[in-house]
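A.B. asks: upload_25.cif (mmCIF, C-alpha atoms and all ligand atoms) pasted underneath:
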```cif
data_target
loop_
_atom_site.label_atom_id
_atom_site.label_comp_id
_atom_site.auth_asym_id
_atom_site.auth_seq_id
_atom_site.Cartn_x
_atom_site.Cartn_y
_atom_site.Cartn_z
CA MET L 6 20.58 36.86 40.37
CA THR L 7 20.76 33.37 41.79
CA THR L 8 24.31 32.95 42.91
CA ARG L 9 25.56 29.70 44.37
CA TYR L 10 25.66 31.59 47.64
CA ARG L 11 21.94 32.33 47.52
CA VAL L 12 21.07 28.77 46.61
CA GLU L 13 23.03 27.39 49.55
CA TYR L 14 21.59 30.02 51.81
CA ALA L 15 18.05 28.91 51.10
CA LEU L 16 18.94 25.42 52.29
CA LYS L 17 19.51 26.52 55.88
CA SER L 18 16.81 25.09 58.08
CA HIS L 19 16.00 28.35 59.86
CA ARG L 20 15.32 29.92 56.46
CA ARG L 21 12.72 27.34 55.43
CA ASP L 22 9.04 26.91 56.04
CA GLN L 23 8.35 23.20 56.41
CA PHE L 24 4.73 23.30 55.27
CA ILE L 25 5.48 25.27 52.10
CA GLU L 26 8.51 23.08 51.33
CA TRP L 27 6.38 19.98 51.75
CA ILE L 28 3.71 21.22 49.32
CA LYS L 29 6.44 22.25 46.90
CA GLY L 30 7.80 18.70 47.08
CA LEU L 31 4.38 17.22 46.28
CA LEU L 32 3.99 19.49 43.25
CA ALA L 33 7.49 18.68 42.00
CA VAL L 34 6.40 15.13 41.10
CA PRO L 35 3.78 16.00 38.44
CA PHE L 36 6.09 18.76 37.25
CA VAL L 37 8.81 16.22 36.49
CA LEU L 38 6.41 13.62 35.11
CA TYR L 39 4.23 15.86 32.95
CA SER L 40 5.80 19.23 32.24
CA GLN L 41 9.54 19.16 32.31
CA PRO L 42 10.56 16.50 29.75
CA HIS L 43 8.61 18.22 27.02
CA GLY L 44 10.89 21.17 27.03
CA VAL L 45 10.87 22.67 23.58
CA PHE L 46 10.36 19.44 21.62
CA GLU L 47 6.79 20.08 20.67
CA GLY L 48 5.71 18.23 17.57
CA GLN L 49 8.45 15.63 17.77
CA GLY L 50 6.35 12.74 18.92
CA MET L 51 5.39 14.50 22.13
CA SER L 52 1.97 15.75 23.18
CA SER L 53 1.15 19.39 22.53
CA LEU L 54 1.94 22.19 24.95
CA SER L 55 -1.71 22.78 25.70
CA GLU L 56 -2.19 19.09 26.52
CA THR L 57 0.82 19.23 28.82
CA ARG L 58 -0.49 22.33 30.50
CA GLU L 59 -3.92 20.82 31.05
CA GLU L 60 -2.45 17.66 32.47
CA ALA L 61 -0.16 19.57 34.83
CA HIS L 62 -3.06 21.80 35.88
CA ARG L 63 -5.23 18.78 36.61
CA ARG L 64 -2.52 17.05 38.66
CA TYR L 65 -1.58 20.17 40.62
CA SER L 66 -5.27 20.78 41.38
CA GLU L 67 -5.72 17.21 42.60
CA ILE L 68 -2.75 17.46 44.91
CA LEU L 69 -3.95 20.73 46.40
CA ARG L 70 -7.41 19.26 46.88
CA ASP L 71 -5.82 16.35 48.76
CA VAL L 72 -3.89 18.76 50.99
CA GLU L 73 -7.12 20.72 51.54
CA VAL L 74 -8.86 17.55 52.78
CA MET L 75 -5.88 16.74 54.99
CA ILE L 76 -6.17 20.20 56.59
CA ASP L 77 -9.90 19.59 57.19
CA ASP L 78 -8.98 16.40 58.98
CA HIS L 79 -6.28 18.24 60.98
CA ILE L 80 -8.81 20.90 62.03
CA ALA L 81 -11.31 18.24 63.14
CA MET L 82 -8.63 16.62 65.30
CA GLN L 83 -7.33 19.91 66.73
CA ASN L 84 -10.87 20.83 67.80
CA ASP L 85 -11.57 17.43 69.38
CA LEU L 86 -10.13 17.89 72.87
CA GLU L 87 -10.57 14.21 73.76
CA ASN L 88 -8.43 13.05 70.85
CA PRO L 89 -4.84 12.32 71.93
CA PHE L 90 -3.49 11.47 68.47
CA PRO L 91 -1.68 13.72 66.02
CA SER L 92 -3.33 14.28 62.64
CA LYS L 93 -1.82 12.82 59.49
CA LEU L 94 -0.70 16.34 58.53
CA LYS L 95 1.02 16.76 61.89
CA LEU L 96 2.91 13.52 61.33
CA LEU L 97 4.00 14.59 57.88
CA VAL L 98 4.79 18.22 58.80
CA PRO L 99 5.69 18.23 62.51
CA SER L 100 5.97 22.03 62.72
CA ILE L 101 2.37 22.58 61.59
CA GLY L 102 0.27 24.69 63.98
CA PRO L 103 -3.45 25.24 64.51
CA PHE L 104 -5.70 26.45 61.67
CA PHE L 105 -8.45 29.00 62.30
CA THR L 106 -10.28 28.32 59.04
CA ARG L 107 -10.25 25.61 56.44
CA LEU L 108 -8.29 26.55 53.31
CA PRO L 109 -9.85 26.19 49.84
CA LEU L 110 -6.50 25.34 48.24
CA GLU L 111 -7.83 23.91 44.99
CA ALA L 112 -9.82 27.05 44.20
CA ALA L 113 -6.89 29.21 45.28
CA PHE L 114 -4.55 27.28 43.01
CA LYS L 115 -6.89 27.79 40.04
CA PHE L 116 -6.98 31.50 40.80
CA GLN L 117 -3.19 31.82 41.05
CA ASP L 118 -2.63 29.59 38.01
CA ARG L 119 -4.65 32.05 35.93
CA LYS L 120 -2.42 34.86 37.19
CA ARG L 121 0.99 33.16 37.28
CA TYR L 122 0.73 30.48 34.55
CA ILE L 123 2.21 27.89 36.89
CA SER L 124 0.97 24.94 34.81
CA SER L 125 2.34 26.47 31.61
CA ARG L 126 5.91 26.40 32.84
CA ARG L 127 8.13 23.63 31.50
CA PHE L 128 11.45 24.53 33.06
CA VAL L 129 10.61 26.12 36.40
CA SER L 130 8.72 23.98 38.88
CA PRO L 131 6.10 25.34 41.32
CA SER L 132 8.15 27.51 43.65
CA PHE L 133 8.15 28.66 47.23
CA ASN L 134 6.54 31.93 46.12
CA ASP L 135 3.88 30.15 44.07
CA VAL L 136 2.88 28.09 47.11
CA ARG L 137 3.04 31.08 49.46
CA LEU L 138 0.69 33.05 47.18
CA ILE L 139 -1.69 30.09 46.80
CA LEU L 140 -1.90 29.84 50.59
CA ASN L 141 -2.56 33.60 50.82
CA SER L 142 -5.35 33.44 48.24
CA ALA L 143 -6.90 30.48 50.03
CA GLN L 144 -6.83 32.44 53.28
CA MET L 145 -8.48 35.48 51.63
CA MET L 146 -11.21 33.21 50.24
CA ALA L 147 -11.68 31.60 53.65
CA VAL L 148 -11.98 34.78 55.73
CA THR L 149 -14.58 36.15 53.35
CA THR L 150 -16.50 32.95 52.58
CA TYR L 151 -16.76 30.96 55.80
CA GLY L 152 -17.14 33.98 58.07
CA THR L 153 -16.77 37.75 58.11
CA LEU L 154 -13.52 39.64 58.37
CA GLN L 155 -13.77 41.97 61.38
CA LEU L 156 -10.16 42.92 62.07
CA ALA L 157 -7.16 43.31 59.75
CA THR L 158 -3.77 43.95 61.33
CA PHE L 159 -0.69 44.98 59.39
CA ASP L 160 3.01 44.90 60.04
CA GLY L 161 4.81 48.15 59.11
CA ASP L 162 8.24 47.77 57.50
CA VAL L 163 8.19 45.81 54.21
CA THR L 164 4.40 45.29 54.52
CA LEU L 165 3.01 48.84 54.30
CA TYR L 166 6.20 50.61 53.17
CA ASP L 167 9.76 49.69 52.21
CA ASP L 168 12.13 48.82 55.04
CA GLY L 169 12.93 51.90 57.11
CA GLN L 170 10.69 54.18 54.98
CA SER L 171 7.28 55.62 55.81
CA LEU L 172 3.73 55.52 54.49
CA GLU L 173 3.54 58.44 52.04
CA PRO L 174 0.27 60.05 50.85
CA SER L 175 0.91 58.69 47.34
CA SER L 176 1.18 55.08 48.49
CA PRO L 177 -1.38 52.81 46.79
CA VAL L 178 -1.83 51.09 50.15
CA VAL L 179 -3.57 54.17 51.61
CA PRO L 180 -6.87 54.12 49.62
CA ARG L 181 -7.09 50.37 50.14
CA LEU L 182 -6.84 50.69 53.90
CA LEU L 183 -9.51 53.41 53.85
CA ASP L 184 -11.65 51.05 51.80
CA LEU L 185 -11.39 48.39 54.50
CA LEU L 186 -12.52 50.93 57.12
CA ARG L 187 -15.41 51.88 54.84
CA LYS L 188 -16.44 48.22 54.89
CA ASN L 189 -16.44 48.39 58.71
CA VAL L 190 -13.31 46.29 59.12
CA LYS L 191 -11.18 47.45 62.08
CA ILE L 192 -7.50 48.06 61.42
CA GLY L 193 -4.51 47.65 63.70
CA ILE L 194 -0.99 48.51 62.62
CA VAL L 195 1.04 46.09 64.70
CA THR L 196 4.65 47.09 64.27
CA ALA L 197 7.85 46.35 66.14
CA ALA L 198 8.84 50.00 65.79
CA GLY L 199 8.67 51.07 69.41
CA TYR L 200 8.20 54.79 70.09
CA THR L 201 6.70 56.38 73.17
CA THR L 202 5.34 59.48 71.44
CA ALA L 203 2.75 60.16 68.74
CA ASP L 204 5.03 62.37 66.61
CA ARG L 205 7.30 59.42 65.76
CA TYR L 206 4.39 57.28 64.55
CA TYR L 207 2.97 60.24 62.66
CA ALA L 208 6.32 60.55 60.88
CA ARG L 209 6.11 56.90 59.76
CA LEU L 210 2.36 56.80 58.97
CA HIS L 211 1.40 60.36 58.01
CA GLY L 212 0.11 59.35 54.54
CA LEU L 213 -2.58 57.20 56.10
CA LEU L 214 -3.34 59.42 59.10
CA ASP L 215 -3.77 62.59 57.02
CA ALA L 216 -5.92 60.79 54.44
CA LEU L 217 -8.13 59.42 57.21
CA ALA L 218 -8.50 62.86 58.82
CA ASP L 219 -9.38 64.43 55.46
CA SER L 220 -11.77 61.72 54.30
CA ALA L 221 -15.29 63.08 53.89
CA ASP L 222 -17.20 59.84 53.52
CA LEU L 223 -15.98 57.83 56.50
CA THR L 224 -18.15 58.07 59.61
CA PRO L 225 -16.61 59.08 62.96
CA ALA L 226 -17.01 55.47 64.13
CA GLN L 227 -15.16 54.19 61.08
CA LYS L 228 -12.38 56.70 61.71
CA GLN L 229 -12.14 55.45 65.29
CA SER L 230 -11.46 52.00 63.89
CA LEU L 231 -7.72 52.48 63.43
CA VAL L 232 -5.13 51.87 66.14
CA ILE L 233 -1.36 51.67 66.15
CA MET L 234 0.16 48.96 68.33
CA GLY L 235 3.86 49.75 68.63
CA GLY L 236 6.86 47.86 70.03
CA GLU L 237 5.05 44.55 69.21
CA ALA L 238 2.62 44.97 72.14
CA ASN L 239 3.90 47.88 74.20
CA TYR L 240 2.43 51.21 73.06
CA LEU L 241 -1.15 51.77 71.92
CA PHE L 242 -2.25 54.87 70.00
CA ALA L 243 -5.79 55.46 68.77
CA PHE L 244 -6.67 57.65 65.79
CA SER L 245 -7.95 60.99 67.04
CA PRO L 246 -8.66 63.84 64.57
CA SER L 247 -8.38 66.48 67.29
CA SER L 248 -5.08 65.33 68.81
CA PRO L 249 -1.64 66.55 67.86
CA HIS L 250 -0.28 64.25 65.14
CA LEU L 251 -3.79 62.74 64.85
CA LEU L 252 -2.98 60.09 67.45
CA GLU L 253 -3.92 59.78 71.07
CA PRO L 254 -1.76 57.65 73.37
CA VAL L 255 -3.88 55.16 75.32
CA ALA L 256 -2.79 54.48 78.91
CA ARG L 257 -1.66 50.89 79.52
CA GLU L 258 -4.31 50.27 82.21
CA ARG L 259 -6.95 50.65 79.52
CA TRP L 260 -5.71 47.91 77.26
CA LEU L 261 -3.33 45.48 78.95
CA THR L 262 -4.79 41.97 79.09
CA PRO L 263 -4.86 40.42 82.61
CA GLU L 264 -1.83 38.29 81.65
CA MET L 265 0.10 41.32 80.42
CA ALA L 266 -0.79 43.31 83.52
CA ALA L 267 0.93 40.59 85.53
CA TRP L 268 4.29 41.08 83.78
CA ASP L 269 6.65 42.31 86.49
CA GLU L 270 8.96 45.24 85.75
CA ARG L 271 11.85 43.38 87.41
CA ASP L 272 11.40 40.38 85.09
CA ILE L 273 11.23 42.73 82.13
CA ALA L 274 14.49 44.40 83.17
CA GLN L 275 16.12 41.01 83.65
CA VAL L 276 15.18 39.79 80.17
CA LEU L 277 16.47 43.01 78.63
CA ASP L 278 19.71 42.82 80.67
CA VAL L 279 20.44 39.29 79.46
CA ALA L 280 19.61 40.30 75.89
CA GLU L 281 21.80 43.39 76.12
CA ALA L 282 24.79 41.38 77.37
CA ALA L 283 24.34 38.82 74.57
CA LEU L 284 24.07 41.58 71.94
CA ARG L 285 27.21 43.28 73.27
CA ASP L 286 29.02 39.95 73.06
CA CYS L 287 27.97 39.56 69.42
CA ILE L 288 29.16 43.06 68.55
CA LYS L 289 32.57 42.06 69.91
CA THR L 290 32.82 38.47 68.66
CA LEU L 291 31.56 39.24 65.16
CA ASN L 292 33.18 42.67 65.07
CA LEU L 293 29.86 44.17 63.98
CA PRO L 294 29.66 47.71 62.59
CA ALA L 295 26.87 48.32 65.07
CA THR L 296 25.87 50.14 68.20
CA LEU L 297 23.59 49.07 71.01
CA MET L 298 20.20 50.72 71.55
CA ARG L 299 18.41 50.16 74.84
CA LYS L 300 14.81 51.29 75.23
CA ASP L 301 12.29 50.87 78.00
CA ARG L 302 10.71 47.75 76.42
CA ALA L 303 13.35 46.69 73.91
CA VAL L 304 17.04 46.37 73.23
CA GLY L 305 18.67 46.14 69.82
CA ILE L 306 21.67 46.72 67.65
CA VAL L 307 21.58 49.15 64.75
CA PRO L 308 24.24 49.79 62.08
CA PHE L 309 26.96 52.23 63.03
CA PRO L 310 28.02 54.41 61.30
CA PRO L 311 24.33 54.62 60.29
CA ASP L 312 24.87 54.14 56.55
CA THR L 313 26.79 50.87 56.90
CA ARG L 314 25.20 47.46 56.48
CA ILE L 315 25.64 44.63 58.94
CA PRO L 316 26.18 41.45 56.86
CA ARG L 317 23.14 39.20 56.63
CA GLU L 318 24.96 36.24 58.16
CA SER L 319 25.99 38.36 61.14
CA LEU L 320 22.42 39.55 61.71
CA GLU L 321 21.15 35.99 61.68
CA GLU L 322 23.92 34.67 63.86
CA THR L 323 23.17 37.45 66.35
CA VAL L 324 19.43 36.66 66.47
CA LEU L 325 20.04 32.95 66.96
CA VAL L 326 22.69 33.57 69.66
CA VAL L 327 20.49 36.02 71.58
CA GLN L 328 17.43 33.80 71.26
CA LYS L 329 19.32 30.76 72.61
CA THR L 330 21.03 32.75 75.38
CA LEU L 331 17.66 34.11 76.53
CA GLU L 332 15.94 30.73 76.39
CA LEU L 333 18.64 29.21 78.57
CA SER L 334 18.88 32.10 81.05
CA PRO L 335 17.00 31.97 84.38
CA ALA L 336 14.82 34.90 83.22
CA GLY L 337 13.98 33.12 79.97
CA ARG L 338 13.41 29.73 81.56
CA ALA L 339 10.99 31.20 84.10
CA ARG L 340 8.81 32.30 81.14
CA ARG L 341 7.19 35.02 83.17
CA VAL L 342 7.46 37.59 80.38
CA PRO L 343 7.40 36.67 76.69
CA PHE L 344 9.98 38.22 74.39
CA CYS L 345 10.68 38.28 70.70
CA ALA L 346 14.14 38.36 69.10
CA PHE L 347 14.12 39.12 65.40
CA ASN L 348 16.21 40.16 62.45
CA GLY L 349 14.77 43.40 61.08
CA GLY L 350 16.76 43.23 57.83
CA ARG L 351 19.26 45.92 58.83
CA ASP L 352 19.13 45.53 62.62
CA VAL L 353 18.37 43.02 65.38
CA PHE L 354 15.91 43.71 68.20
CA VAL L 355 14.65 41.94 71.27
CA ASP L 356 11.24 43.24 72.30
CA ILE L 357 9.19 42.50 75.38
CA GLY L 358 6.01 40.74 74.26
CA ASP L 359 5.39 39.74 70.66
CA LYS L 360 2.83 40.22 67.90
CA SER L 361 0.50 37.54 69.25
CA TRP L 362 -0.05 39.89 72.19
CA GLY L 363 -0.21 42.93 69.92
CA VAL L 364 -2.95 41.37 67.78
CA THR L 365 -4.77 40.11 70.89
CA VAL L 366 -4.87 43.66 72.26
CA CYS L 367 -6.48 44.84 69.00
CA GLN L 368 -9.02 41.99 69.14
CA ARG L 369 -10.01 43.12 72.64
CA TRP L 370 -9.79 46.88 72.07
CA PHE L 371 -12.35 46.86 69.30
CA SER L 372 -14.69 44.65 71.33
CA ARG L 373 -14.89 47.02 74.29
CA GLY L 374 -18.34 48.37 74.79
CA GLY L 375 -19.55 44.85 74.19
CA VAL L 376 -19.34 43.18 70.85
CA PRO L 377 -21.84 40.31 70.78
CA GLY L 378 -19.86 37.14 71.37
CA GLY L 379 -17.00 38.84 73.25
CA ILE L 380 -13.63 39.59 71.67
CA ILE L 381 -12.96 39.39 67.94
CA LYS L 382 -12.05 35.79 67.21
CA GLY L 383 -9.07 34.34 65.36
CA ASP L 384 -11.14 33.29 62.35
CA ASN L 385 -12.43 36.88 61.99
CA THR L 386 -8.88 38.29 62.19
CA LEU L 387 -6.23 38.57 59.47
CA HIS L 388 -2.62 39.62 60.13
CA VAL L 389 -0.55 40.63 57.10
CA GLY L 390 3.23 40.62 57.45
CA ASP L 391 6.56 39.74 55.88
CA GLN L 392 8.30 37.86 58.71
CA PHE L 393 6.98 34.32 59.02
CA LEU L 394 10.04 32.15 59.42
CA SER L 395 9.93 30.42 62.79
CA ALA L 396 13.35 31.61 63.98
CA GLY L 397 14.28 35.27 64.12
CA ALA L 398 11.03 36.63 62.68
CA ASN L 399 8.33 38.62 64.43
CA ASP L 400 5.08 38.22 62.44
CA PHE L 401 5.26 34.46 62.93
CA ARG L 402 3.89 34.76 66.47
CA ALA L 403 0.65 36.31 65.22
CA ARG L 404 -0.21 32.90 63.76
CA SER L 405 -1.29 31.69 67.21
CA VAL L 406 -4.15 34.21 67.47
CA GLY L 407 -5.54 34.68 63.97
CA THR L 408 -5.29 33.91 60.29
CA THR L 409 -2.30 35.35 58.44
CA ALA L 410 -1.01 36.27 55.00
CA TRP L 411 2.70 36.26 54.17
CA ILE L 412 3.69 39.00 51.75
CA ALA L 413 7.14 39.90 50.44
CA SER L 414 6.76 43.60 49.56
CA PRO L 415 4.34 46.53 49.83
CA ALA L 416 3.35 45.84 46.20
CA GLU L 417 2.22 42.36 47.21
CA THR L 418 0.19 43.87 50.06
CA VAL L 419 -1.62 45.99 47.47
CA GLU L 420 -2.39 42.92 45.35
CA LEU L 421 -3.59 41.03 48.40
CA LEU L 422 -5.89 43.88 49.44
CA ASP L 423 -7.34 44.02 45.93
CA GLU L 424 -8.02 40.30 46.04
CA LEU L 425 -9.66 40.71 49.43
CA ALA L 426 -11.78 43.68 48.29
CA GLU L 427 -13.02 41.73 45.29
CA LEU L 428 -14.00 38.76 47.44
CA MET L 429 -15.72 41.01 49.99
CA GLY L 430 -17.56 42.80 47.19
CA LYS L 431 -18.76 39.49 45.75
CA LYS L 432 -20.02 38.45 49.15
CA MET L 433 -21.93 41.69 49.67
CA SER L 434 -23.62 41.64 46.29
P1 LIG L 501 8.01 46.10 61.67
O1 LIG L 501 8.41 45.46 60.37
O2 LIG L 501 6.93 47.11 61.48
O3 LIG L 501 7.68 45.08 62.72
O4 LIG L 501 9.27 47.00 62.19
C1 LIG L 501 10.52 46.45 62.49
C2 LIG L 501 11.59 47.52 62.49
O5 LIG L 501 11.30 48.60 63.40
C3 LIG L 501 12.90 46.98 63.01
O6 LIG L 501 13.62 46.33 62.02
C4 LIG L 501 13.60 48.26 63.48
O7 LIG L 501 14.34 48.82 62.41
C5 LIG L 501 12.49 49.22 63.85
N1 LIG L 501 12.39 49.50 65.30
C6 LIG L 501 12.40 50.70 65.86
N2 LIG L 501 12.24 50.62 67.19
C7 LIG L 501 12.14 49.33 67.49
C8 LIG L 501 11.95 48.63 68.72
O8 LIG L 501 11.83 49.19 69.82
N3 LIG L 501 11.89 47.28 68.64
C9 LIG L 501 11.99 46.63 67.45
N4 LIG L 501 12.15 47.25 66.29
C10 LIG L 501 12.24 48.60 66.29
MG MG L 502 8.12 43.85 58.69
#
```
How does this structure look as C-alpha cells?
Ligand code: IMP
Ligand code: MG

C.D. replies:
Amino acid sequence: MTTRYRVEYALKSHRRDQFIEWIKGLLAVPFVLYSQPHGVFEGQGMSSLSETREEAHRRYSEILRDVEVMIDDHIAMQNDLENPFPSKLKLLVPSIGPFFTRLPLEAAFKFQDRKRYISSRRFVSPSFNDVRLILNSAQMMAVTTYGTLQLATFDGDVTLYDDGQSLEPSSPVVPRLLDLLRKNVKIGIVTAAGYTTADRYYARLHGLLDALADSADLTPAQKQSLVIMGGEANYLFAFSPSSPHLLEPVARERWLTPEMAAWDERDIAQVLDVAEAALRDCIKTLNLPATLMRKDRAVGIVPFPPDTRIPRESLEETVLVVQKTLELSPAGRARRVPFCAFNGGRDVFVDIGDKSWGVTVCQRWFSRGGVPGGIIKGDNTLHVGDQFLSAGANDFRARSVGTTAWIASPAETVELLDELAELMGKKMS
C-alpha cells in the first residue's frame, strides 16, 4: 500500500538513484502529452487506445535511443585519457560513473514493453522499477552481444534467497546457476555474511552445494568454477566435493591482491574500533532494540531480542551516522583500509573491504593458471545484487569493477537468469 509515509520516504535523497530518476523524468513528458489525458474517454473525439499506445511506444523508444547515444558519447570520453572535459551525461547526471559496455536501451525498452505493457498504461507513468528493469535487460543484452560473459557474481540475501533465509534445494535459482556453470561461466557468491568456517556457508547455501556435488553432467572443471567470497572480501571458500560441507577454505596468501595484502591489522582494528564506538552511541541515542556484534573483520548491530525489528528510520540513521563518523575519523581519513557500512534490512554492519574487492578477487582467482589476457575484465563480469543505492548499500561498490544488474527479489533474479540464458543460447546457435 502506498501510504503518505512511503511516498515521502522515497523523496529522501539517499534513497534515490539519480540516473534512474533522470530517465524517469524524461519519460514522464511523453506520458503526460500522449497517454495520460486520454484516460477512459475513448471514442469521444480522442484518438483510439491503440493509436495512443503506438505513439507512446514510439516516443519512449526515441528517448531511450537518445540516452543510449549519450552513453556512447560518455564512454568515448571516459576512455580518452587526454580529454579533460566531462561528458554531456556527466553534466546532466553528476553521480554517473564509468560504463563497462554500451547499453542497447532502445532494444531493451522494446523487450520490457512487451512484458510490462508500459506504453499501454494511461494512468501510471514509467516507474522506477520499469527503468531499473530496462537497464538490467540492456546490460544482459550487452554482456552477451558485445563480448562473452565469463564471470557472474551474486549477492546472497534478497538476491539468491529471502533476507536471512538460505538457498534450499527446491529454489528455482539452483538449476539456473548450474546452467551457467554448464556454459562455462564462473560463479562467485559475494556476500556480506562473514563466517570463518565452511559449515556456516553450507547452512546458507546447501541447496546449491548439494546439487552441484550430485550433478552428473558437469565436468570437474565446471564444478571447480564456484567460489564463495564472504564478509564482502574477507573469506574465500572454493567448492570441493571431497571436503566437509563441500567447501574448502582458501588461505588468504593465495588470493589477497597486492593492495589487500598491504592492509595493516592495526589500521583494521582502528576502523572497527571507531565503528564500534559509533554503533554503541546509536544504540544509546536512538534507544535501539539491538545488540552489538564484533567479529574479526566486521562490526554490526543486530536486533535484540532477536525477533524484534529495528525501525527502518533507525537503521538508516545508524548507517549514515557511522559512515560519516568513520569518514571524518583519522583512521577513515587515512584511507589505508577500505570499509563498507550498510543497512542489511534488519541489521547494520561495517565490514572491512567491500564488494569491489570481493568481485576483484573472483576475477583474479579464476584467471590463475593463466587466462589469456590476464584477469577477467569488467566487461566480461556481471554482479547481481539488491543493494545499489549510493549510501548505506553494499552491492553499489561492485559497479567500479564490472557490469551489474539491480534486482529486488529472488524471483527477479530467476527472471534475469532466464533472460540471460535465452540471450546466451541465441548467441551460441
Ligand atoms: P548479503 O546480502 O549477502 O550481502 O548479506 C548481508 C547480510 O549478512 C547482513 O544483512 C547480515 O544480516 C548478514 N551478516 C552476517 N555476518 C555479517 C558480517 O560479518 N558482515 C555483514 N553482514 C553480515
Ligand atoms: Mg543483499

A.B. asks: Measuring between all atoms listed in the file, which one of L:Ala198, L:Ile288, L:Ala398, L:Leu422 shows the shortest distance to Arg302 in chain L?

C.D. replies: L:Ala198

A.B. asks: How would you write as a list in words the residues that get within 12 Å of (24.8, 42.2, 76.7) in the file's frame, counting all atoms listed in the file?

C.D. replies: Gln275, Val276, Leu277, Asp278, Val279, Ala280, Glu281, Ala282, Ala283, Leu284, Arg285, Asp286, Cys287, Ile288, Lys289, Thr290, Thr296, Leu297, Met298, Arg299, Val304, Gly305, Ile306, Thr323, Val326, Val327, Thr330, Leu331 and Val355 of chain L

A.B. asks: Kindly work out which residues sit at most 10 Å from ligand LIG 501 (chain L), using all atoms listed in the file, and give the list as a tab-separated table (two decimals) with C-alpha atoms, in the coordinates of the input.

C.D. replies:
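For reference, pocket_35.tsv as written:
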```tsv
chain	number	residue	atom	x	y	z
L	159	PHE	CA	-0.69	44.98	59.39
L	160	ASP	CA	3.01	44.90	60.04
L	161	GLY	CA	4.81	48.15	59.11
L	162	ASP	CA	8.24	47.77	57.50
L	163	VAL	CA	8.19	45.81	54.21
L	164	THR	CA	4.40	45.29	54.52
L	165	LEU	CA	3.01	48.84	54.30
L	166	TYR	CA	6.20	50.61	53.17
L	167	ASP	CA	9.76	49.69	52.21
L	168	ASP	CA	12.13	48.82	55.04
L	169	GLY	CA	12.93	51.90	57.11
L	170	GLN	CA	10.69	54.18	54.98
L	194	ILE	CA	-0.99	48.51	62.62
L	195	VAL	CA	1.04	46.09	64.70
L	196	THR	CA	4.65	47.09	64.27
L	197	ALA	CA	7.85	46.35	66.14
L	198	ALA	CA	8.84	50.00	65.79
L	199	GLY	CA	8.67	51.07	69.41
L	200	TYR	CA	8.20	54.79	70.09
L	201	THR	CA	6.70	56.38	73.17
L	209	ARG	CA	6.11	56.90	59.76
L	234	MET	CA	0.16	48.96	68.33
L	235	GLY	CA	3.86	49.75	68.63
L	236	GLY	CA	6.86	47.86	70.03
L	237	GLU	CA	5.05	44.55	69.21
L	239	ASN	CA	3.90	47.88	74.20
L	298	MET	CA	20.20	50.72	71.55
L	299	ARG	CA	18.41	50.16	74.84
L	300	LYS	CA	14.81	51.29	75.23
L	301	ASP	CA	12.29	50.87	78.00
L	302	ARG	CA	10.71	47.75	76.42
L	303	ALA	CA	13.35	46.69	73.91
L	304	VAL	CA	17.04	46.37	73.23
L	305	GLY	CA	18.67	46.14	69.82
L	306	ILE	CA	21.67	46.72	67.65
L	307	VAL	CA	21.58	49.15	64.75
L	308	PRO	CA	24.24	49.79	62.08
L	345	CYS	CA	10.68	38.28	70.70
L	346	ALA	CA	14.14	38.36	69.10
L	347	PHE	CA	14.12	39.12	65.40
L	348	ASN	CA	16.21	40.16	62.45
L	349	GLY	CA	14.77	43.40	61.08
L	350	GLY	CA	16.76	43.23	57.83
L	351	ARG	CA	19.26	45.92	58.83
L	352	ASP	CA	19.13	45.53	62.62
L	353	VAL	CA	18.37	43.02	65.38
L	354	PHE	CA	15.91	43.71	68.20
L	355	VAL	CA	14.65	41.94	71.27
L	356	ASP	CA	11.24	43.24	72.30
L	357	ILE	CA	9.19	42.50	75.38
L	359	ASP	CA	5.39	39.74	70.66
L	360	LYS	CA	2.83	40.22	67.90
L	390	GLY	CA	3.23	40.62	57.45
L	391	ASP	CA	6.56	39.74	55.88
L	392	GLN	CA	8.30	37.86	58.71
L	398	ALA	CA	11.03	36.63	62.68
L	399	ASN	CA	8.33	38.62	64.43
L	400	ASP	CA	5.08	38.22	62.44
```

A.B. asks: I want to know what sits within 10 Å of range 425-432 of chain L, based on only C-alpha atoms, with residues of the same chain fewer than 2 positions away left out; could you give that as an NGL selection string?

C.D. replies: :L and (142 or 144-150 or 153-154 or 181 or 184-185 or 188 or 419-423 or 434)

A.B. asks: Just the number, please: distance in Å from CA of Leu210 in chain L to CA of Ala226 in chain L, one decimal.

C.D. replies: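 Between these atoms lies a distance of 20.1 Å.
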
A.B. asks: May I have the residues at most 9 Å from (-9.7, 48.4, 70.5) in the file's coordinates, counting all atoms listed in the file, as a VMD selection string?

C.D. replies: chain L and resid 191 193 230 to 232 243 260 366 to 373

A.B. asks: Please indicate the distance in Å from CA of Leu156 in chain L to CA of Val190 in chain L, rounded to one decimal place.

C.D. replies: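 Taking CA of Leu156 in chain L as the start and CA of Val190 in chain L as the end point, the length is 5.5 Å.
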
A.B. asks: Considering only C-alpha atoms and all ligand atoms, can you say which of L:Val72, L:Val389, L:Ala61, L:Leu32 comes closest to ligand MG 502 (chain L)?

C.D. replies: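 Closest candidate: L:Val389.
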
A.B. asks: Would you mind listing what lies within 12 Å of Pro246 in chain L as a ChimeraX atom specification, with all atoms listed in the file counted and same-chain residues fewer than 6 positions away left out?

C.D. replies: /L:214-220,225-226,228-229,231,252-253
